[in-house]
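Shown below: coords19.txt, with compact mmCIF, C-alpha atoms.
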# COMPACT_ATOMS: atom_id res chain seq x y z
CA MET A 1 30.65 28.74 38.29
CA ALA A 2 26.99 27.78 38.25
CA THR A 3 24.81 29.57 40.77
CA GLU A 4 22.50 27.69 43.13
CA GLY A 5 19.19 26.71 41.57
CA VAL A 6 20.53 26.86 37.99
CA ARG A 7 21.07 23.59 36.13
CA THR A 8 24.16 23.26 34.02
CA ALA A 9 23.79 21.72 30.59
CA ALA A 10 24.95 18.15 30.19
CA PRO A 11 28.18 17.71 28.19
CA PRO A 12 27.54 16.80 24.54
CA ALA A 13 29.08 13.34 24.95
CA GLN A 14 26.92 12.60 27.98
CA ALA A 15 23.82 13.89 26.19
CA GLY A 16 24.65 11.70 23.19
CA ARG A 17 25.04 8.61 25.36
CA SER A 18 21.75 9.40 27.09
CA ALA A 19 19.96 9.73 23.73
CA LYS A 20 21.40 6.41 22.53
CA ARG A 21 20.29 4.70 25.74
CA GLY A 22 16.80 6.11 25.17
CA VAL A 23 16.69 4.73 21.62
CA LEU A 24 18.00 1.33 22.72
CA GLY A 25 15.50 1.22 25.58
CA ARG A 26 12.55 1.93 23.29
CA LEU A 27 13.79 -0.60 20.71
CA SER A 28 14.26 -3.21 23.44
CA TRP A 29 10.70 -2.79 24.66
CA GLY A 30 9.49 -3.05 21.06
CA LEU A 31 11.34 -6.33 20.63
CA ALA A 32 10.12 -7.68 23.98
CA ASP A 33 6.53 -6.74 23.20
CA GLN A 34 6.59 -8.26 19.76
CA ALA A 35 8.26 -11.38 21.13
CA VAL A 36 5.19 -11.90 23.31
CA ASN A 37 2.79 -10.95 20.50
CA SER A 38 4.48 -13.25 18.00
CA MET A 39 4.60 -16.06 20.54
CA ILE A 40 0.84 -15.70 20.96
CA ASN A 41 0.36 -15.93 17.19
CA PHE A 42 2.76 -18.86 16.98
CA VAL A 43 1.10 -20.79 19.80
CA VAL A 44 -2.36 -20.29 18.32
CA GLY A 45 -1.22 -21.39 14.85
CA ALA A 46 0.89 -24.33 16.02
CA TYR A 47 -1.83 -25.54 18.39
CA VAL A 48 -4.44 -25.50 15.63
CA ALA A 49 -2.03 -27.27 13.26
CA ARG A 50 -1.32 -30.03 15.77
CA GLU A 51 -4.91 -30.45 16.97
CA LEU A 52 -6.83 -30.22 13.69
CA GLY A 53 -4.44 -31.23 10.88
CA VAL A 54 -3.32 -29.57 7.65
CA HIS A 55 -6.77 -29.19 6.03
CA ALA A 56 -8.42 -27.49 9.03
CA PHE A 57 -5.27 -25.44 9.46
CA GLY A 58 -5.77 -24.20 5.91
CA VAL A 59 -9.29 -23.05 6.85
CA PHE A 60 -7.90 -21.33 9.94
CA SER A 61 -5.21 -19.66 7.80
CA LEU A 62 -7.86 -18.15 5.51
CA ALA A 63 -9.53 -16.55 8.54
CA TRP A 64 -6.13 -15.44 9.86
CA LEU A 65 -5.20 -13.77 6.59
CA THR A 66 -8.55 -12.01 6.51
CA TYR A 67 -7.81 -10.67 9.98
CA GLY A 68 -4.50 -9.39 8.60
CA VAL A 69 -6.31 -7.38 5.93
CA VAL A 70 -8.71 -5.84 8.47
CA LEU A 71 -5.83 -5.13 10.87
CA ASN A 72 -4.02 -3.22 8.15
CA VAL A 73 -7.14 -1.20 7.41
CA SER A 74 -7.27 -0.20 11.07
CA ARG A 75 -3.60 0.63 11.23
CA GLY A 76 -3.70 2.66 8.03
CA VAL A 77 -6.52 4.98 9.08
CA ALA A 78 -6.09 4.94 12.88
CA THR A 79 -2.73 4.05 14.37
CA ASP A 80 -0.21 4.77 11.60
CA PRO A 81 -1.12 8.50 11.56
CA LEU A 82 -0.96 8.41 15.38
CA MET A 83 2.60 7.06 15.25
CA VAL A 84 3.75 9.58 12.64
CA ARG A 85 2.15 12.73 14.09
CA PHE A 86 1.84 12.08 17.83
CA SER A 87 5.12 10.42 18.83
CA GLY A 88 7.00 12.38 21.47
CA VAL A 89 4.29 15.06 21.88
CA PRO A 90 3.04 16.44 25.24
CA GLU A 91 0.99 13.94 27.24
CA ALA A 92 -2.29 15.86 27.00
CA VAL A 93 -2.03 15.97 23.21
CA TRP A 94 -1.14 12.26 23.08
CA ARG A 95 -4.04 11.25 25.34
CA ALA A 96 -6.59 13.07 23.20
CA ALA A 97 -5.17 11.58 19.99
CA ALA A 98 -4.91 8.07 21.46
CA GLY A 99 -8.57 8.10 22.50
CA ARG A 100 -9.70 9.17 19.06
CA ALA A 101 -7.39 6.71 17.26
CA SER A 102 -8.57 3.79 19.39
CA GLY A 103 -12.15 4.87 18.73
CA ALA A 104 -11.45 4.75 15.00
CA ALA A 105 -9.91 1.27 15.37
CA LEU A 106 -12.95 0.04 17.30
CA ALA A 107 -15.28 1.47 14.66
CA VAL A 108 -13.35 -0.33 11.92
CA GLY A 109 -13.52 -3.56 13.92
CA GLY A 110 -17.26 -3.23 14.47
CA THR A 111 -18.03 -2.42 10.84
CA LEU A 112 -15.85 -5.02 9.16
CA GLY A 113 -16.57 -7.54 11.90
CA THR A 114 -20.26 -7.31 11.10
CA ALA A 115 -19.44 -7.89 7.43
CA CYS A 116 -17.38 -11.00 8.28
CA LEU A 117 -20.17 -12.31 10.50
CA LEU A 118 -22.75 -11.96 7.73
CA VAL A 119 -20.46 -13.52 5.13
CA GLY A 120 -19.68 -16.42 7.44
CA LEU A 121 -23.34 -17.07 8.15
CA GLY A 122 -24.08 -16.88 4.44
CA ILE A 123 -21.45 -19.23 3.05
CA GLY A 124 -21.67 -21.94 5.73
CA GLY A 125 -19.67 -25.12 5.15
CA GLU A 126 -16.23 -25.49 6.74
CA VAL A 127 -15.13 -21.89 6.20
CA GLY A 128 -18.33 -20.09 7.23
CA PRO A 129 -18.19 -20.70 11.04
CA ALA A 130 -14.53 -19.58 11.12
CA PHE A 131 -15.39 -16.28 9.42
CA ALA A 132 -18.47 -15.72 11.60
CA SER A 133 -16.32 -16.22 14.71
CA LEU A 134 -13.72 -13.85 13.32
CA GLY A 135 -16.44 -11.21 12.90
CA LEU A 136 -17.24 -11.45 16.62
CA ALA A 137 -13.57 -11.25 17.60
CA LEU A 138 -12.45 -8.38 15.35
CA PRO A 139 -13.54 -5.38 17.51
CA PHE A 140 -11.53 -6.70 20.46
CA LEU A 141 -8.51 -7.63 18.37
CA LEU A 142 -8.29 -4.19 16.75
CA LEU A 143 -8.89 -2.29 19.99
CA GLN A 144 -6.10 -4.21 21.71
CA ASP A 145 -3.74 -3.55 18.79
CA SER A 146 -4.50 0.18 18.90
CA ARG A 147 -3.52 0.25 22.59
CA ARG A 148 -0.13 -1.18 21.75
CA PHE A 149 0.55 1.45 19.09
CA ALA A 150 -0.60 4.25 21.38
CA PHE A 151 1.83 3.16 24.10
CA PHE A 152 4.72 3.06 21.63
CA ALA A 153 3.84 6.51 20.31
CA ALA A 154 4.13 7.75 23.91
CA GLY A 155 7.50 6.01 24.33
CA THR A 156 6.11 3.64 27.00
CA GLY A 157 6.72 0.32 25.33
CA GLN A 158 6.77 -1.44 28.70
CA LYS A 159 3.00 -0.90 28.92
CA ALA A 160 2.47 -2.50 25.51
CA PHE A 161 4.60 -5.43 26.69
CA ALA A 162 2.49 -5.84 29.84
CA ASN A 163 -0.69 -5.65 27.77
CA ASP A 164 0.41 -8.41 25.42
CA LEU A 165 1.51 -10.46 28.41
CA VAL A 166 -2.02 -10.26 29.79
CA GLN A 167 -3.35 -11.47 26.45
CA GLY A 168 -0.94 -14.40 26.50
CA VAL A 169 -1.98 -15.43 30.02
CA ALA A 170 -5.67 -15.15 29.15
CA LEU A 171 -5.13 -17.25 26.05
CA ILE A 172 -4.08 -20.34 28.03
CA PRO A 173 -7.48 -21.27 29.52
CA ALA A 174 -9.26 -20.09 26.38
CA MET A 175 -7.20 -22.46 24.20
CA VAL A 176 -7.83 -25.36 26.58
CA VAL A 177 -11.57 -24.86 26.19
CA ALA A 178 -11.22 -24.50 22.40
CA ALA A 179 -9.26 -27.76 22.20
CA ARG A 180 -12.11 -29.58 23.95
CA VAL A 181 -14.58 -28.22 21.40
CA GLY A 182 -12.21 -29.15 18.57
CA THR A 183 -13.28 -26.72 15.83
CA VAL A 184 -11.60 -23.87 13.97
CA ALA A 185 -14.36 -21.49 15.11
CA ALA A 186 -13.67 -22.31 18.76
CA PHE A 187 -9.99 -21.43 18.38
CA VAL A 188 -10.84 -18.12 16.68
CA LEU A 189 -13.24 -17.22 19.51
CA ALA A 190 -10.61 -18.14 22.12
CA TRP A 191 -8.13 -15.83 20.39
CA GLY A 192 -10.69 -12.99 20.43
CA ALA A 193 -11.58 -13.57 24.10
CA ALA A 194 -7.93 -13.20 25.11
CA ALA A 195 -7.71 -9.95 23.11
CA ALA A 196 -10.82 -8.66 24.91
CA ALA A 197 -9.14 -9.26 28.28
CA ALA A 198 -6.03 -7.38 27.14
CA ALA A 199 -8.08 -4.50 25.71
CA GLY A 200 -9.84 -4.13 29.06
CA TYR A 201 -6.49 -4.09 30.85
CA GLY A 202 -5.34 -1.38 28.41
CA PHE A 203 -8.05 0.89 29.83
CA LEU A 204 -6.76 0.25 33.35
CA GLN A 205 -3.22 1.08 32.20
CA SER A 206 -4.04 4.36 30.49
CA GLY A 207 -7.47 5.46 31.66
CA ILE A 208 -8.21 6.36 28.03
CA ARG A 209 -11.58 5.36 26.62
CA PRO A 210 -11.96 4.76 22.89
CA ARG A 211 -13.79 7.79 21.46
CA VAL A 212 -15.93 6.04 18.89
CA THR A 213 -18.12 9.14 18.42
CA GLN A 214 -15.00 11.06 17.32
CA ALA A 215 -13.82 8.39 14.89
CA ARG A 216 -15.25 10.21 11.87
CA GLY A 217 -13.46 13.43 12.84
CA TRP A 218 -10.18 11.55 13.26
CA LEU A 219 -10.52 9.93 9.85
CA ARG A 220 -11.28 13.30 8.26
CA GLU A 221 -8.35 15.10 9.94
CA GLN A 222 -5.83 12.36 9.14
CA ARG A 223 -7.15 11.78 5.62
CA ASP A 224 -4.01 13.09 3.89
CA LEU A 225 -1.89 10.35 5.48
CA GLY A 226 -4.57 7.82 6.36
CA SER A 227 -5.97 7.40 2.86
CA ARG A 228 -2.55 6.62 1.43
CA TYR A 229 -1.51 4.41 4.35
CA LEU A 230 -4.82 2.57 4.03
CA VAL A 231 -4.21 1.72 0.39
CA GLU A 232 -0.56 0.96 1.13
CA ASN A 233 -1.31 -1.40 4.02
CA VAL A 234 -4.28 -3.13 2.44
CA SER A 235 -2.51 -3.63 -0.87
CA LEU A 236 0.07 -5.89 0.77
CA SER A 237 -2.27 -7.82 3.06
CA GLY A 238 -4.87 -7.96 0.29
CA ALA A 239 -2.27 -9.41 -2.05
CA GLY A 240 -1.52 -12.03 0.60
CA GLN A 241 -5.21 -12.83 0.92
CA LEU A 242 -5.68 -13.11 -2.85
CA ARG A 243 -2.59 -15.29 -3.09
CA ALA A 244 -4.03 -17.59 -0.41
CA TYR A 245 -7.38 -17.85 -2.21
CA GLY A 246 -5.64 -18.39 -5.55
CA LEU A 247 -3.25 -20.96 -4.10
CA GLY A 248 -6.20 -22.81 -2.58
CA ALA A 249 -7.99 -22.81 -5.93
CA ILE A 250 -4.92 -23.84 -7.97
CA VAL A 251 -3.27 -26.34 -5.62
CA GLY A 252 -5.74 -26.96 -2.77
CA VAL A 253 -6.57 -25.69 0.73
CA ALA A 254 -3.81 -27.87 2.21
CA ALA A 255 -1.27 -25.77 0.27
CA VAL A 256 -2.46 -22.68 2.17
CA GLY A 257 -1.77 -24.54 5.41
CA ALA A 258 1.73 -25.48 4.19
CA VAL A 259 2.58 -21.86 3.39
CA ARG A 260 1.25 -20.72 6.76
CA GLY A 261 3.32 -23.45 8.42
CA ALA A 262 6.48 -22.14 6.74
CA GLU A 263 5.58 -18.64 7.97
CA LEU A 264 5.16 -19.98 11.51
CA LEU A 265 8.68 -21.40 11.33
CA GLN A 266 9.88 -17.84 10.68
CA GLY A 267 8.04 -16.74 13.84
CA PRO A 268 11.03 -15.82 16.07
CA PHE A 269 12.58 -13.68 13.37
CA LEU A 270 9.25 -12.15 12.43
CA ALA A 271 9.00 -11.19 16.11
CA LEU A 272 12.19 -9.17 15.59
CA LEU A 273 10.93 -7.64 12.35
CA MET A 274 7.50 -6.69 13.71
CA GLY A 275 8.88 -5.60 17.08
CA LEU A 276 11.23 -3.14 15.42
CA SER A 277 8.46 -1.91 13.12
CA LEU A 278 6.47 -0.78 16.15
CA VAL A 279 9.13 1.74 17.10
CA THR A 280 11.22 2.39 13.99
CA VAL A 281 8.86 4.95 12.49
CA ALA A 282 8.80 6.90 15.74
CA GLU A 283 12.59 6.62 16.06
CA ALA A 284 13.15 7.63 12.43
CA ALA A 285 10.91 10.66 13.04
CA ARG A 286 13.05 11.59 16.04
CA VAL A 287 16.25 11.21 13.99
CA LEU A 288 14.75 13.41 11.29
CA ARG A 289 13.95 16.16 13.79
CA GLN A 290 17.29 16.03 15.58
CA GLU A 291 19.87 15.01 12.93
CA PRO A 292 18.21 14.79 9.51
CA ARG A 293 21.48 13.92 7.75
CA ARG A 294 21.64 10.66 9.73
CA LEU A 295 18.27 9.35 8.58
CA GLY A 296 19.58 7.46 5.53
CA ARG A 297 22.28 5.73 7.57
CA PHE A 298 19.79 4.87 10.30
CA CYS A 299 17.47 3.21 7.76
CA LEU A 300 20.33 1.31 6.11
CA LEU A 301 21.55 -0.12 9.41
CA LEU A 302 17.99 -1.02 10.32
CA GLY A 303 17.18 -2.79 7.05
CA GLY A 304 20.57 -4.48 6.67
CA GLY A 305 20.49 -5.77 10.25
CA GLN A 306 17.06 -7.29 9.78
CA ALA A 307 18.00 -8.96 6.49
CA GLY A 308 21.12 -10.46 8.05
CA ALA A 309 19.17 -11.76 11.04
CA ALA A 310 16.60 -13.37 8.73
CA LEU A 311 19.31 -15.25 6.84
CA LEU A 312 20.86 -16.51 10.07
CA TRP A 313 17.50 -17.73 11.31
CA GLY A 314 16.81 -19.47 8.01
CA ALA A 315 20.15 -21.27 8.23
CA THR A 316 19.18 -22.43 11.72
CA LEU A 317 15.87 -23.80 10.44
CA LEU A 318 17.65 -25.85 7.78
CA LEU A 319 19.52 -27.67 10.54
CA LEU A 320 16.32 -28.49 12.40
CA PRO A 321 15.75 -32.29 12.58
CA ASP A 322 12.45 -33.72 11.41
CA ARG A 323 11.52 -34.86 14.91
CA ALA A 324 11.77 -31.28 16.22
CA GLY A 325 9.73 -29.96 13.31
CA GLU A 326 7.03 -32.56 13.88
CA LEU A 327 6.94 -31.65 17.55
CA VAL A 328 6.16 -28.04 16.64
CA LEU A 329 3.83 -28.40 13.63
CA GLY A 330 2.77 -32.03 13.59
CA ASP A 331 1.99 -33.33 10.11
CA VAL A 332 2.14 -29.78 8.69
CA TRP A 333 5.96 -29.91 9.09
CA HIS A 334 6.42 -32.24 6.10
CA SER A 335 4.55 -29.81 3.83
CA ALA A 336 6.26 -26.70 5.23
CA ALA A 337 9.90 -27.88 5.34
CA PRO A 338 10.52 -27.63 1.54
CA LEU A 339 9.48 -23.96 1.71
CA ILE A 340 12.10 -22.88 4.28
CA VAL A 341 14.69 -21.51 1.82
CA PRO A 342 12.36 -19.36 -0.33
CA ALA A 343 10.44 -18.23 2.77
CA THR A 344 13.70 -17.13 4.40
CA LEU A 345 14.80 -15.18 1.33
CA GLY A 346 11.39 -13.52 1.15
CA VAL A 347 11.55 -12.44 4.80
CA ALA A 348 15.12 -11.16 4.34
CA GLY A 349 13.97 -9.03 1.41
CA ALA A 350 11.08 -7.69 3.45
CA GLY A 351 13.43 -6.86 6.32
CA LEU A 352 15.75 -4.93 4.02
CA GLY A 353 12.86 -2.98 2.51
CA SER A 354 11.37 -2.16 5.92
CA GLY A 355 14.35 0.08 6.69
CA ALA A 356 13.53 2.25 3.69
CA ALA A 357 9.82 2.13 4.52
CA ALA A 358 10.50 3.54 8.00
CA GLY A 359 12.41 6.43 6.44
CA LEU A 360 9.63 7.26 3.99
CA ARG A 361 7.07 7.19 6.81
CA ALA A 362 9.20 9.52 8.93
CA LEU A 363 9.49 11.91 5.99
CA ALA A 364 5.68 11.73 5.61
CA ALA A 365 6.34 10.88 1.95
CA ALA A 366 3.03 9.06 1.73
CA ARG A 367 2.81 9.33 -2.05
CA ARG A 368 6.19 7.67 -2.54
CA SER A 369 5.55 4.94 0.02
CA LEU A 370 2.17 4.23 -1.57
CA ARG A 371 3.81 3.90 -4.96
CA CYS A 372 6.34 1.43 -3.51
CA GLN A 373 3.73 -0.64 -1.75
CA LEU A 374 1.48 -0.92 -4.79
CA PHE A 375 4.41 -2.09 -6.89
CA ALA A 376 5.55 -4.58 -4.23
CA SER A 377 2.01 -5.94 -3.80
CA ALA A 378 1.52 -6.40 -7.54
CA CYS A 379 4.82 -8.28 -7.74
CA TYR A 380 3.89 -10.40 -4.72
CA LEU A 381 0.56 -11.43 -6.19
CA ALA A 382 1.96 -12.10 -9.65
CA GLY A 383 4.90 -14.07 -8.28
CA GLY A 384 2.77 -16.08 -5.84
CA LEU A 385 0.07 -17.07 -8.31
CA GLY A 386 2.36 -17.40 -11.32
CA GLY A 387 4.69 -19.64 -9.33
CA ALA A 388 1.74 -21.73 -8.11
CA ALA A 389 0.52 -22.27 -11.67
CA ALA A 390 4.01 -23.22 -12.83
CA ALA A 391 5.28 -25.36 -9.95
CA GLY A 392 2.68 -25.69 -7.22
CA THR A 393 3.29 -24.67 -3.60
CA VAL A 394 7.09 -24.53 -3.89
CA GLY A 395 6.86 -22.46 -7.07
CA SER A 396 4.56 -20.01 -5.30
CA ALA A 397 7.09 -19.62 -2.47
CA TRP A 398 9.94 -18.91 -4.89
CA GLY A 399 7.79 -16.46 -6.84
CA VAL A 400 7.09 -14.52 -3.65
CA ALA A 401 10.79 -14.48 -2.71
CA THR A 402 11.70 -13.00 -6.10
CA ALA A 403 8.91 -10.45 -5.88
CA THR A 404 10.00 -9.33 -2.42
CA ALA A 405 13.56 -8.68 -3.61
CA CYS A 406 12.24 -6.51 -6.46
CA GLY A 407 9.96 -4.61 -4.09
CA SER A 408 12.82 -3.93 -1.67
CA ALA A 409 14.91 -2.38 -4.45
CA VAL A 410 12.08 0.02 -5.30
CA TRP A 411 11.67 1.04 -1.63
CA TRP A 412 15.32 2.06 -1.45
CA LEU A 413 15.24 3.95 -4.74
CA GLN A 414 12.25 5.97 -3.51
CA LEU A 415 13.85 6.68 -0.12
CA ARG A 416 16.98 7.94 -1.86
CA ALA A 417 14.91 10.33 -3.97
CA ALA A 418 12.87 11.50 -0.97
CA LEU A 419 16.03 12.22 1.05
CA ARG A 420 17.45 14.31 -1.80
CA GLU A 421 14.22 16.32 -1.95
CA HIS A 422 14.21 16.85 1.81
CA HIS A 423 17.83 17.97 1.92
CA ARG A 424 17.30 20.38 -0.99
CA GLY A 425 14.25 21.83 0.75
CA THR A 426 16.13 22.25 4.03
CA SER A 427 19.09 23.92 2.30
CA SER A 428 16.74 26.27 0.42
CA GLU A 429 15.00 27.31 3.65
CA ALA A 430 18.37 27.93 5.31
CA ARG A 431 19.53 30.14 2.38
CA GLU A 432 16.29 32.13 2.47
CA GLY A 433 16.68 32.64 6.22
CA ASN A 434 20.26 33.89 5.83
CA SER A 435 19.23 36.22 3.02
CA HIS A 436 16.45 37.64 5.20
CA VAL A 437 18.90 38.27 8.04
CA ARG A 438 21.34 40.10 5.73
CA THR A 439 18.63 42.38 4.38
CA GLN A 440 17.73 43.39 7.92
Show me, as structure tokens, the structure contained in the file I just sent.
Amino acid sequence: MATEGVRTAAPPAQAGRSAKRGVLGRLSWGLADQAVNSMINFVVGAYVARELGVHAFGVFSLAWLTYGVVLNVSRGVATDPLMVRFSGVPEAVWRAAAGRASGAALAVGGTLGTACLLVGLGIGGEVGPAFASLGLALPFLLLQDSRRFAFFAAGTGQKAFANDLVQGVALIPAMVVAARVGTVAAFVLAWGAAAAAAAGYGFLQSGIRPRVTQARGWLREQRDLGSRYLVENVSLSGAGQLRAYGLGAIVGVAAVGAVRGAELLQGPFLALLMGLSLVTVAEAARVLRQEPRRLGRFCLLLGGGQAGAALLWGATLLLLPDRAGELVLGDVWHSAAPLIVPATLGVAGAGLGSGAAAGLRALAAARRSLRCQLFASACYLAGGLGGAAAAGTVGSAWGVATATACGSAVWWLQLRAALREHHRGTSSEAREGNSHVRTQ
């Protein structure tokens, strides 16, 4: 009988159910947050497409893809190490790390934003003002993104959801003003202004100031992971950027808008994919600590589920009538519709590979994940540009779909090898421990 003041341990079954509820709760908040975030991206893209047409949407897409490269730089050196090393740690440790990581993100935004501003002012024309506006918006965009990752590392996804909701609300009046101006630059500035409002709210939520003066120390301390994650992240987004530039040169800027339109049609599923990615690394790290033998199964269920969902969403898009597509994308719909099948297969391949990527991140196998990402990025670029040269925009889409399938296979082969190494290392440590006990 338990004495007064002493807590009895929860039964194993009850503890297991409680742990599963915790995982499902964190995943649910990740999906809800990314649903809002993806809706913001979708609304901005669709609104620009409808208001300005396919050519201006192509210009906007070039700025958007450049933002994606810079975002991946920030995540590689700032928030990815935060997710891997500071998920589920004591609050004081998390707060200190979150402040330094957000400071590093803000420093990246300021530095690369200045570069974009100067490039935009230098090149002028149709593209220059869009890039100059992006340079002004980048510090706020990256700071707001770092807040989201910090909240997920702490297991408080509901705060990230609220933060993105604030951005979405702030975006409404900003987009109305941008529509009256009627330029790509105005829409980019409106997007950045909404991110600034959300970043300010993030300070009210957490009370954590970005420690820009400690950014260099953070980068130095996380260099072992950050340098590899930086190359890994930028290789993929950089390949996407180079594909966009190459596609524009080979086929025309309107082709870039068509590809971006097809990506927007995948928006609801990409919300699922990106929402899970916010929490899967942290969850995989927890599985590794608690039940390491379950990590491979966890990653397989994760990747397989995402691939299946992508195929279902693609089938739904194929049934979409032209009138509905025109309502969403305007004239861009007619250029994007022929790309639905290859775009769906590409996203399904990416979803399958993301399960293995989460496992490699949890294992801190940065060298293996870097190897996978470099291979996948090279395939993506070769497939996208080779397909464009052979068969235009549609050929580029099919080339990317094929490349993504090849990349996914390599991710899983590397995860399998990393799991074998981890299990051998764990078994060896256990044998050494038993031997030490016997000698005593």
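For the atom pair formed by atom CA of A:Gly53 and atom CA of A:Leu112, the distance is 28.6 Å, given to one decimal.
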Could you list, as a ChimeraX atom specification, every residue within 9 Å of stretch 178-180 of chain A, counting all atoms listed in the file and ignoring same-chain residues fewer than 3 positions away? /A:47-48,51,173-175,183-190
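Of the residues under consideration (A:Ile208, A:Cys372, A:Ala366, A:Ile123), A:Cys372 shows the shortest atom-to-atom contact distance to A:Ala409 when counting only C-alpha atoms.
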Within 10 Å of stretch 299-322 of chain A: each stretch 374-417 of chain A residue with its shortest pair, all atoms listed in the file, as JSON lines:
{"residue": "A:Ser408", "atom": "CA", "partner": "A:Gly303", "partner_atom": "CA", "distance": 9.8}
{"residue": "A:Trp412", "atom": "CA", "partner": "A:Leu300", "partner_atom": "CA", "distance": 9.1}
{"residue": "A:Leu415", "atom": "CA", "partner": "A:Cys299", "partner_atom": "CA", "distance": 9.3}
Using only C-alpha atoms, which protein or nucleic acid residues come within 8 Å of stretch 222-232 of chain A? Drop anything in the same chain fewer than 4 positions from it, and give the result as a PyMOL selection string. chain A and resi 72-78+80-81+218+236+364+366-367+369-370+373-374
Would you mind listing what lies within 12 Å of A:Ala195 as a ChimeraX atom specification, with only C-alpha atoms counted and same-chain residues fewer than 4 positions away left out? /A:37,40-41,136-148,163-171,174,188-191,199-202
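When atom CA of A:Phe60 is paired with atom CA of A:Ala32, their separation reads 26.6 Å.
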